[in-house]
Each structure stands twice: as structure tokens, then as C-alpha cells.
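Structure file target_19.csv (CSV, C-alpha atoms) follows.
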chain,number,residue,atom,x,y,z
B,146,MET,CA,0.0,0.0,0.0
B,147,LYS,CA,2.8,2.4,0.9
B,148,LYS,CA,4.5,1.8,-2.5
B,149,TYR,CA,1.2,2.5,-4.2
B,150,PHE,CA,0.8,5.9,-2.6
B,151,LEU,CA,4.4,6.7,-3.4
B,152,PHE,CA,3.7,5.8,-7.0
B,153,LEU,CA,0.7,8.1,-7.1
B,154,ALA,CA,2.7,10.9,-5.5
B,155,ALA,CA,5.5,10.5,-8.1
B,156,THR,CA,2.9,10.4,-10.9
B,157,PHE,CA,1.3,13.6,-9.6
B,158,PHE,CA,4.7,15.4,-9.5
B,159,LEU,CA,5.7,14.2,-12.9
B,160,GLY,CA,2.4,15.5,-14.3
B,161,TYR,CA,3.4,19.0,-13.2
B,162,ALA,CA,7.0,18.5,-14.4
B,163,VAL,CA,5.7,17.6,-17.9
B,164,LYS,CA,3.7,20.9,-18.0
B,165,GLY,CA,6.8,22.7,-16.8
B,166,GLN,CA,5.0,24.8,-14.2
B,167,THR,CA,3.3,24.6,-10.8
B,168,SER,CA,-0.1,26.0,-9.9
B,169,ARG,CA,-1.8,26.9,-6.7
B,170,PRO,CA,-4.6,29.2,-5.5
B,171,LEU,CA,-4.0,32.5,-3.7
B,172,LYS,CA,-5.9,33.3,-0.5
B,173,LYS,CA,-6.9,36.7,0.7
B,174,VAL,CA,-5.0,37.7,3.9
B,175,MET,CA,-5.8,41.4,4.4
B,176,GLU,CA,-7.1,44.6,3.0
B,177,ILE,CA,-5.9,48.2,3.1
B,178,LYS,CA,-8.5,50.9,2.3
B,179,MET,CA,-7.4,54.1,0.6
B,180,PRO,CA,-8.6,57.5,2.1
B,181,LYS,CA,-11.3,59.6,0.5
B,182,THR,CA,-14.4,58.6,-1.4
B,183,ILE,CA,-15.3,59.1,-5.1
B,184,ASP,CA,-17.3,62.2,-3.9
B,185,ASP,CA,-14.3,63.9,-2.4
B,186,ASP,CA,-12.0,66.3,-4.3
B,187,MET,CA,-9.1,64.7,-6.1
B,188,PRO,CA,-9.7,61.1,-4.9
B,189,GLY,CA,-8.1,59.3,-7.8
B,190,THR,CA,-9.5,56.1,-9.5
B,191,ARG,CA,-6.7,53.7,-10.1
B,192,GLY,CA,-4.3,52.3,-7.5
B,193,ALA,CA,-0.7,52.8,-8.6
B,194,CYS,CA,1.3,50.7,-6.2
B,195,VAL,CA,1.8,49.3,-2.7
B,196,VAL,CA,5.2,49.0,-1.0
B,197,TRP,CA,6.5,47.7,2.3
B,198,HIS,CA,9.2,49.5,4.3
B,199,PRO,CA,11.1,46.7,6.2
B,200,ILE,CA,12.6,49.1,8.7
B,201,GLN,CA,9.5,51.1,9.4
B,202,LYS,CA,7.3,48.0,9.3
B,203,LYS,CA,4.7,49.9,7.4
B,204,TYR,CA,2.9,49.8,4.0
B,205,TYR,CA,2.8,52.8,1.7
B,206,ALA,CA,0.1,52.9,-1.0
B,207,VAL,CA,-0.6,55.6,-3.7
B,208,MET,CA,-3.1,56.4,-6.3
B,209,ALA,CA,-2.1,57.0,-10.0
B,210,GLY,CA,-2.9,60.0,-12.0
B,211,ASN,CA,-2.1,63.3,-10.2
B,212,MET,CA,0.2,64.7,-7.5
B,213,ALA,CA,-2.8,65.7,-5.5
B,214,TYR,CA,-4.2,62.2,-5.3
B,215,PRO,CA,-4.0,60.3,-2.0
B,216,LEU,CA,-0.9,58.6,-0.5
B,217,ALA,CA,-1.4,56.6,2.6
B,218,VAL,CA,0.6,54.8,5.3
B,219,TYR,CA,-0.5,51.7,7.1
B,220,ASP,CA,0.7,49.4,9.9
B,221,VAL,CA,1.4,45.7,9.4
B,222,LYS,CA,-2.3,44.8,9.9
B,223,GLY,CA,-3.6,47.4,7.5
B,224,LYS,CA,-4.6,50.2,9.9
B,225,ARG,CA,-4.2,53.6,8.3
B,226,LEU,CA,-1.7,55.8,10.2
B,227,SER,CA,-1.7,58.8,8.0
B,228,THR,CA,-4.3,61.5,7.6
B,229,ASP,CA,-6.7,61.7,4.7
B,230,THR,CA,-5.0,64.9,3.5
B,231,LEU,CA,-1.7,63.2,2.7
B,232,THR,CA,-1.0,63.4,-1.0
B,233,ALA,CA,1.3,61.7,-3.5
B,234,MET,CA,3.2,64.9,-4.1
B,235,GLU,CA,4.0,63.5,-7.5
B,236,ASP,CA,2.1,62.0,-10.4
B,237,SER,CA,3.1,58.5,-9.2
B,238,ARG,CA,3.2,55.2,-11.1
B,239,GLY,CA,5.7,52.8,-9.4
B,240,LEU,CA,6.8,52.6,-5.8
B,241,TRP,CA,9.7,50.6,-4.3
B,242,TYR,CA,11.9,50.4,-1.3
B,243,ASP,CA,15.5,51.0,-2.1
B,244,PRO,CA,17.7,49.0,0.3
B,245,VAL,CA,20.8,51.0,-0.5
B,246,LYS,CA,19.1,54.4,0.2
B,247,LYS,CA,16.8,52.9,2.8
B,248,GLN,CA,14.0,55.1,1.3
B,249,ILE,CA,10.7,54.7,-0.4
B,250,CYS,CA,11.3,55.7,-4.0
B,251,GLY,CA,9.2,55.7,-7.2
B,252,ASN,CA,8.8,56.7,-10.8
B,253,ALA,CA,6.3,59.2,-12.1
B,254,TYR,CA,4.3,59.7,-15.2
B,255,SER,CA,6.2,60.2,-18.5
B,256,SER,CA,9.2,62.5,-18.1
B,257,PHE,CA,8.5,63.6,-14.6
B,258,GLY,CA,11.4,61.4,-13.4
B,259,TRP,CA,12.1,59.2,-10.4
B,260,PHE,CA,11.6,60.5,-6.8
B,261,SER,CA,12.1,59.6,-3.2
B,262,TYR,CA,10.3,60.5,0.0
B,263,THR,CA,11.6,61.9,3.2
B,264,LEU,CA,9.8,60.5,6.3
B,265,ASN,CA,9.2,62.1,9.7
B,266,LYS,CA,9.9,60.2,12.9
B,267,ASN,CA,6.5,58.4,12.6
B,268,GLY,CA,7.3,57.2,9.1
B,269,ILE,CA,5.0,59.6,7.4
B,270,PRO,CA,6.2,61.2,4.1
B,271,VAL,CA,6.7,64.9,4.6
B,272,LYS,CA,8.8,65.9,1.6
B,273,ILE,CA,9.6,64.6,-1.9
B,274,ALA,CA,12.7,65.0,-4.0
B,275,VAL,CA,13.2,64.3,-7.7
B,276,ASP,CA,16.3,62.1,-7.9
B,277,PHE,CA,16.5,61.6,-11.7
B,278,GLU,CA,14.7,63.9,-14.1
B,279,GLY,CA,13.4,62.9,-17.5
B,280,MET,CA,11.9,59.9,-19.2
B,281,ASN,CA,13.7,57.1,-17.3
B,282,GLN,CA,11.3,54.4,-18.4
B,283,PRO,CA,10.1,52.8,-21.6
B,284,ASP,CA,6.6,54.2,-21.6
B,285,GLU,CA,4.7,57.1,-20.1
B,286,GLN,CA,2.6,54.9,-17.9
B,287,SER,CA,5.2,52.4,-16.9
B,288,VAL,CA,5.1,51.1,-13.3
B,289,GLY,CA,8.6,50.4,-11.9
B,290,ALA,CA,9.5,47.5,-9.6
B,291,TYR,CA,12.8,47.2,-7.7
B,292,ASN,CA,14.9,44.1,-8.6
B,293,VAL,CA,17.1,43.3,-5.6
B,294,ALA,CA,19.3,40.9,-7.4
B,295,LYS,CA,20.3,43.4,-10.1
B,296,LYS,CA,20.0,46.6,-7.9
B,297,SER,CA,17.8,48.0,-10.6
B,298,VAL,CA,14.3,49.0,-11.5
B,299,MET,CA,12.3,46.8,-13.9
B,300,PHE,CA,9.7,47.9,-16.4
B,301,ILE,CA,7.6,46.0,-19.0
B,302,PHE,CA,7.0,47.4,-22.4
B,303,GLY,CA,5.4,45.2,-25.1
B,304,SER,CA,6.8,41.8,-24.5
B,305,GLN,CA,10.2,42.9,-23.1
B,306,VAL,CA,11.4,43.6,-19.6
B,307,SER,CA,14.2,46.1,-19.2
B,308,TRP,CA,16.3,47.0,-16.2
B,309,TYR,CA,17.3,50.6,-15.3
B,310,ASN,CA,20.3,51.1,-12.9
B,311,ALA,CA,18.9,52.2,-9.5
B,312,THR,CA,21.9,54.4,-8.8
B,313,ASP,CA,21.6,56.7,-11.9
B,314,ALA,CA,18.5,55.6,-13.8
B,315,SER,CA,20.6,54.6,-16.8
B,316,VAL,CA,19.6,51.7,-19.0
B,317,ASN,CA,21.6,49.2,-21.0
B,318,PRO,CA,19.7,48.6,-24.3
B,319,ASP,CA,21.1,45.2,-24.6
B,320,ASP,CA,19.9,44.1,-21.1
B,321,ARG,CA,16.4,43.1,-22.0
B,322,LEU,CA,14.4,39.9,-21.5
B,323,THR,CA,11.7,38.7,-23.9
B,324,ILE,CA,8.6,37.2,-22.1
B,325,HIS,CA,7.2,34.1,-23.6
B,326,TRP,CA,3.6,34.7,-22.5
B,327,GLY,CA,1.8,31.7,-21.1
B,328,THR,CA,4.6,29.4,-22.4
B,329,THR,CA,6.8,27.0,-20.5
B,330,ALA,CA,10.4,26.2,-21.4
B,331,LYS,CA,9.3,22.7,-22.4
B,332,GLN,CA,6.8,24.1,-24.8
B,333,GLY,CA,9.4,26.4,-26.3
B,334,ALA,CA,9.1,29.8,-27.9
B,335,LYS,CA,6.3,30.4,-30.4
B,336,GLU,CA,7.3,30.9,-34.0
B,337,ASP,CA,5.2,34.0,-34.4
B,338,GLU,CA,6.4,35.8,-31.2
B,339,ASP,CA,6.7,39.6,-31.6
B,340,GLU,CA,9.0,41.2,-28.9
B,341,THR,CA,7.4,44.6,-29.5
B,342,ALA,CA,3.8,43.5,-29.3
B,343,GLU,CA,1.7,44.2,-26.2
B,344,PRO,CA,0.2,40.8,-25.0
B,345,GLU,CA,-3.5,40.4,-25.1
B,346,GLY,CA,-5.3,39.6,-21.9
B,347,TYR,CA,-2.6,40.9,-19.5
B,348,ASN,CA,-2.0,43.9,-17.4
B,349,HIS,CA,0.3,45.9,-19.7
B,350,THR,CA,1.7,48.5,-17.3
B,351,THR,CA,3.0,46.4,-14.3
B,352,VAL,CA,5.7,43.9,-13.7
B,353,ILE,CA,6.4,42.6,-10.2
B,354,TYR,CA,9.6,41.2,-8.7
B,355,THR,CA,9.2,38.3,-6.2
B,356,GLY,CA,12.8,37.2,-5.8
B,357,LYS,CA,11.6,33.5,-5.8
B,358,PRO,CA,14.3,31.4,-7.5
B,359,GLY,CA,13.2,30.5,-11.1
B,360,ALA,CA,10.0,32.5,-10.7
B,361,GLU,CA,11.5,36.0,-10.0
B,362,ILE,CA,9.2,38.2,-12.1
B,363,GLY,CA,5.5,38.2,-12.6
B,364,PHE,CA,2.5,39.5,-14.5
B,365,LEU,CA,-1.3,39.6,-14.1
B,366,ASN,CA,-3.3,37.6,-16.6
B,367,ILE,CA,-6.6,39.4,-16.5
B,368,ASP,CA,-8.4,36.9,-18.8
B,369,LYS,CA,-7.6,33.9,-16.7
B,370,LYS,CA,-7.6,35.8,-13.4
B,371,GLN,CA,-4.2,34.5,-12.4
B,372,VAL,CA,-0.7,35.8,-11.6
B,373,GLU,CA,1.9,34.2,-13.8
B,374,LEU,CA,5.5,33.9,-12.6
B,375,TYR,CA,8.4,33.7,-15.1
B,376,ASN,CA,12.1,32.8,-14.9
B,377,ALA,CA,14.2,36.0,-15.0
B,378,LYS,CA,16.9,34.3,-17.1
B,379,THR,CA,14.8,32.6,-19.8
B,380,GLY,CA,11.4,34.5,-19.8
B,381,PHE,CA,9.5,31.3,-19.7
B,382,LEU,CA,6.5,30.6,-17.4
B,383,THR,CA,7.2,28.5,-14.3
B,384,GLN,CA,4.3,29.1,-11.8
B,385,VAL,CA,0.6,30.0,-11.9
B,386,LEU,CA,-1.3,31.5,-9.0
B,387,THR,CA,-5.0,31.7,-9.3
B,388,LEU,CA,-6.9,34.6,-7.8
B,389,PRO,CA,-9.7,34.2,-5.2
B,390,ALA,CA,-13.2,34.5,-6.5
B,391,ASN,CA,-14.4,38.1,-7.2
B,392,THR,CA,-10.9,39.5,-7.0
B,393,PRO,CA,-10.5,42.4,-9.5
B,394,ALA,CA,-8.0,42.1,-12.3
B,395,GLU,CA,-7.4,45.2,-14.3
B,396,ALA,CA,-5.6,45.8,-17.6
B,397,SER,CA,-3.5,48.7,-16.2
B,398,PHE,CA,-2.1,49.6,-12.7
B,399,ASN,CA,-4.1,48.2,-9.7
B,400,PHE,CA,-1.5,45.3,-9.2
B,401,ALA,CA,1.5,45.1,-7.0
B,402,PHE,CA,3.7,42.7,-5.0
B,403,THR,CA,5.5,43.5,-1.7
B,404,ASN,CA,6.2,41.8,1.7
B,405,ASP,CA,5.5,38.4,0.1
B,406,THR,CA,2.0,39.5,-0.7
B,407,TYR,CA,0.2,40.0,-4.0
B,408,TRP,CA,-2.0,43.1,-4.2
B,409,PHE,CA,-5.1,43.8,-6.3
B,410,PHE,CA,-6.9,47.1,-6.2
B,411,ASP,CA,-10.7,47.2,-6.2
B,412,MET,CA,-11.5,50.6,-7.8
B,413,GLU,CA,-15.2,50.6,-6.8
B,414,LYS,CA,-14.5,49.9,-3.1
B,415,ARG,CA,-11.1,51.8,-3.1
B,416,VAL,CA,-9.5,48.8,-1.3
B,417,TRP,CA,-6.2,47.0,-1.9
B,418,ILE,CA,-6.7,43.3,-1.4
B,419,GLY,CA,-3.6,41.4,-0.2
B,420,CYS,CA,-3.3,37.7,-1.1
B,421,LYS,CA,-0.7,34.9,-0.4
How does this structure look as C-alpha cells?
Amino acid sequence: MKKYFLFLAATFFLGYAVKGQTSRPLKKVMEIKMPKTIDDDMPGTRGACVVWHPIQKKYYAVMAGNMAYPLAVYDVKGKRLSTDTLTAMEDSRGLWYDPVKKQICGNAYSSFGWFSYTLNKNGIPVKIAVDFEGMNQPDEQSVGAYNVAKKSVMFIFGSQVSWYNATDASVNPDDRLTIHWGTTAKQGAKEDEDETAEPEGYNHTTVIYTGKPGAEIGFLNIDKKQVELYNAKTGFLTQVLTLPANTPAEASFNFAFTNDTYWFFDMEKRVWIGCK
């Protein structure tokens, strides 16, 4: 009997190995609610990003679209610590924690550059500085994510991921990765792949960095309602994480990863939903 169960387990494992990927469902673990309502002045509609500050032990979340839209700070359980008058101070897109600077940094819309926040003793942003001016990203709406392994900021444009040096915002045009959307290494690259084409059925503004070996970077498949993780060296799919029922999946913004948690923004309820 024991040998029989071992045989079944081995068969089950090999079934996944043949597919070249693993799959599991995500579970909701927490929520953080953005300040203001849709009836307030300058509330914003789309969630830009969520980031965790490992020293402050706080979450920072910001709306996309205008410097006067809300920025908010939360404790580890999602309780808001900042006032409802705190603003982004910049037309934000991506947010990340830079472990070298030990600061919350981000990229703004188009050529507005990269910025960093100065925090007060309570961890609340009180000032912003533009660190690198200009269009330091591949597209006006690009959402940056910090890649710890490369000490760089990642962006997705079309089917290519590019890395910008975090110390000076420079980019090596030869340092790019083609993503083989929905395809495992065993299946191989499709003959008609277009590296410049924007993939259908995916969030096209946002790439996430997980740091998980062999599944370092990820994207949101809005058609299948799943997060797909890819190998940062090959660009092939290695893991699939299915979203809980009724979790929103948007074609732009509204998606993030930080503190080992996947985040999805509900635009109607103005709530970031955290899943693991």
C-alpha cells in the first residue's frame, strides 16, 4: 500500500513536471483601504502601487494620475496611520523600497522622473525629492518594480522587460528579457512571437519582482484571473497563482507585490486586497 501511494505521488509530481509549471490558488489575507471617497475632491480612481518598508514595518500605497491624489501609510495589519489629507506629491506610477538608500522611491508619469520620500519620525512622508529627471522608463505609464538581485528598477513594455540602474537611472539597451507569454520552457518559444507587441489579456503596465528562484518576475493575466511567474533568465512561465473569486484584475495599474503578498486594487471599493 505504501508503495502504491508513493507511486501516485510520483505520478502527480511528474504531471506538473511535464507541464513545466506549478499552480496553486492564492488566499486573501488582508485589506488596506485608501482614504477619501469618489465624492471627495481629487480622490483618484486607479491604484498605482503598494510597497512595504522593512525598517518602518509599514505599508505605503498611492493612487495613480495626479500629484494631489492620496498617498497613505498603514501598519502591518492594514490600519491607516496617515491623515486623509496626505497626497502623493508627484504623479506617481511605481513605488519601491531602495535597500541602499533605505528610502521609499518611485517613478512618475512620463518624463516627470524618479523620486524619493523623506519620512518624519513616525514614518509619514513629509517631503519629496526628484532624484532623476526625464523619461527614465520605456513608456509614459510604466510602473517600476525594484529588482534586488540586479539593484535595478524593472519595467515591462510590449513583451520585453528592461532594467534601469537604480543608482543613476541609466539603461543598457542590450539588457532586456523577452517574455514568452503563457509558455513554459518545455513548450518552447512560439514561431510568431513579436517582442514589441503588447500581449492580449494581460495587465500591460505592471511587472512585479518576487525574488523567488526560477520565478522571479510576474504579471497579471486578466483573462484567466491569475498571476503568472516567469524565470528571469529565460522568460518562460514557471508558476501560476489563481486569484480568489471576485478579486479584481485590471488591464493597467491596480496590481503590486510587496512583503511576500500579491495586491489587487478594487476601484469601486477603493481597497487594496492582499493575497498569499
Skip His198 (chain B) itself and residues of its chain fewer than 5 positions away, then list as JSON, numbers by chain all residues within 12 Å of it, counting all atoms listed in the file. {"B": [203, 204, 205, 206, 218, 219, 220, 221, 240, 241, 242, 243, 244, 246, 247, 248, 249, 250, 262, 264, 268, 269, 403, 404]}
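All protein and nucleic acid residues in the vicinity of (-7.3, 48.1, -18.0), that is within 10 Å when counting all atoms listed in the file, are Arg191, Gly346, Tyr347, Asn348, His349, Thr350, Ile367, Ala394, Glu395, Ala396, Ser397, Phe398 and Asn399 of chain B.
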For Lys172 (chain B): contacts at 7 Å, all atoms listed in the file, fewer than 3 positions along chain excluded, given as a VMD selection string: chain B and resid 389 420 to 421
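If you look at CA of Ala377 (chain B) and CA of Gly258 (chain B), they are 25.6 Å away from each other.
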Near Gly327 (chain B), counting all atoms listed in the file, which residues have an atom at most 10 Å away, once you skip same-chain residues fewer than 4 positions from it, shown as a count of residues only? 10
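If all atoms listed in the file are the atoms counted, then among B:Asp236, B:Asp313, B:Glu345, B:Glu361 the closest residue to Val293 (chain B) is B:Glu361.
Nearest to Asp339 (chain B) of all the residues B:Leu231, B:Ile324, B:Met212, B:Val316 is B:Ile324, based on all atoms listed in the file.
Put simply, CA of Ala213 (chain B) is 16.3 Å away from CA of Ser261 (chain B).
Note that the spacing between CA of Tyr309 (chain B) and CA of Ser256 (chain B) amounts to 14.7 Å.
For the set B:Trp417, B:Lys202, B:Glu338, B:Val306, the residue with the smallest atom-to-atom gap to Asn376 (chain B) is B:Val306, counting only C-alpha atoms.
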Write out as a ChimeraX atom specification which residues come within 10 Å of Lys414 (chain B) when counting all atoms listed in the file, dropping same-chain ones fewer than 2 positions away. /B:178-179,182-183,410-412,416-417
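If all atoms listed in the file are the atoms counted, then among B:Thr341, B:Ser237, B:Asn292, B:Ser287 the closest residue to Val275 (chain B) is B:Ser237.
With only C-alpha atoms taken into account, the protein and nucleic acid residues at most 12 Å from Lys181 (chain B) (excluding it and anything under 6 positions from it in its own chain) are Met187, Pro188, Gly189, Thr190, Met208, Tyr214, Pro215, Leu216, Ala217, Thr228, Asp229, Thr230, Leu231, Thr232, Lys414, Arg415 and Val416 of chain B.
Proximity ranking of B:Glu235, B:Asp184, B:Glu285, B:Glu176 relative to Val207 (chain B) places B:Glu235 first, based on only C-alpha atoms.
The shortest atom-to-atom distance to Thr328 (chain B), with all atoms listed in the file taken into account, belongs to B:Gln166 out of B:Gln166, B:Tyr407, B:Pro283, B:Phe260.
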Since fewer atoms than expected are present, regenerate N, CA and C atoms for region 232-251 of chain B and write them as an mmCIF file, in the frame of the given file.
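Output contents, as saved in part-v9.cif:
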data_model
loop_
_atom_site.group_PDB
_atom_site.id
_atom_site.type_symbol
_atom_site.label_atom_id
_atom_site.label_comp_id
_atom_site.auth_asym_id
_atom_site.auth_seq_id
_atom_site.Cartn_x
_atom_site.Cartn_y
_atom_site.Cartn_z
ATOM 1 N N THR B 232 -0.965 63.605 0.409
ATOM 2 C CA THR B 232 -1.000 63.400 -1.000
ATOM 3 C C THR B 232 0.244 62.801 -1.598
ATOM 4 N N ALA B 233 0.153 62.359 -2.840
ATOM 5 C CA ALA B 233 1.300 61.700 -3.500
ATOM 6 C C ALA B 233 2.463 62.618 -3.697
ATOM 7 N N MET B 234 2.189 63.910 -3.868
ATOM 8 C CA MET B 234 3.200 64.900 -4.100
ATOM 9 C C MET B 234 3.900 64.787 -5.456
ATOM 10 N N GLU B 235 3.521 63.772 -6.193
ATOM 11 C CA GLU B 235 4.000 63.500 -7.500
ATOM 12 C C GLU B 235 3.019 62.689 -8.293
ATOM 13 N N ASP B 236 3.015 62.775 -9.615
ATOM 14 C CA ASP B 236 2.100 62.000 -10.400
ATOM 15 C C ASP B 236 2.648 60.548 -10.506
ATOM 16 N N SER B 237 2.393 59.789 -9.459
ATOM 17 C CA SER B 237 3.100 58.500 -9.200
ATOM 18 C C SER B 237 2.614 57.375 -10.123
ATOM 19 N N ARG B 238 3.540 56.464 -10.382
ATOM 20 C CA ARG B 238 3.200 55.200 -11.100
ATOM 21 C C ARG B 238 3.777 54.044 -10.229
ATOM 22 N N GLY B 239 5.089 53.842 -10.201
ATOM 23 C CA GLY B 239 5.700 52.800 -9.400
ATOM 24 C C GLY B 239 6.165 53.259 -8.059
ATOM 25 N N LEU B 240 6.192 52.361 -7.079
ATOM 26 C CA LEU B 240 6.800 52.600 -5.800
ATOM 27 C C LEU B 240 7.685 51.434 -5.430
ATOM 28 N N TRP B 241 8.814 51.685 -4.782
ATOM 29 C CA TRP B 241 9.700 50.600 -4.300
ATOM 30 C C TRP B 241 10.480 51.046 -3.123
ATOM 31 N N TYR B 242 10.967 50.070 -2.366
ATOM 32 C CA TYR B 242 11.900 50.400 -1.300
ATOM 33 C C TYR B 242 13.299 50.106 -1.785
ATOM 34 N N ASP B 243 14.151 51.137 -1.705
ATOM 35 C CA ASP B 243 15.500 51.000 -2.100
ATOM 36 C C ASP B 243 16.377 50.638 -0.912
ATOM 37 N N PRO B 244 16.905 49.405 -0.848
ATOM 38 C CA PRO B 244 17.700 49.000 0.300
ATOM 39 C C PRO B 244 19.004 49.671 0.507
ATOM 40 N N VAL B 245 19.507 50.291 -0.553
ATOM 41 C CA VAL B 245 20.800 51.000 -0.500
ATOM 42 C C VAL B 245 20.493 52.415 0.170
ATOM 43 N N LYS B 246 19.496 53.114 -0.359
ATOM 44 C CA LYS B 246 19.100 54.400 0.200
ATOM 45 C C LYS B 246 18.320 54.316 1.464
ATOM 46 N N LYS B 247 17.705 53.125 1.658
ATOM 47 C CA LYS B 247 16.800 52.900 2.800
ATOM 48 C C LYS B 247 15.632 53.929 2.720
ATOM 49 N N GLN B 248 15.109 54.111 1.508
ATOM 50 C CA GLN B 248 14.000 55.100 1.300
ATOM 51 C C GLN B 248 12.943 54.453 0.400
ATOM 52 N N ILE B 249 11.732 55.009 0.534
ATOM 53 C CA ILE B 249 10.700 54.700 -0.400
ATOM 54 C C ILE B 249 10.878 55.595 -1.625
ATOM 55 N N CYS B 250 11.029 54.957 -2.773
ATOM 56 C CA CYS B 250 11.300 55.700 -4.000
ATOM 57 C C CYS B 250 10.189 55.300 -5.033
ATOM 58 N N GLY B 251 10.180 56.013 -6.151
ATOM 59 C CA GLY B 251 9.200 55.700 -7.200
ATOM 60 C C GLY B 251 9.489 56.352 -8.490
#
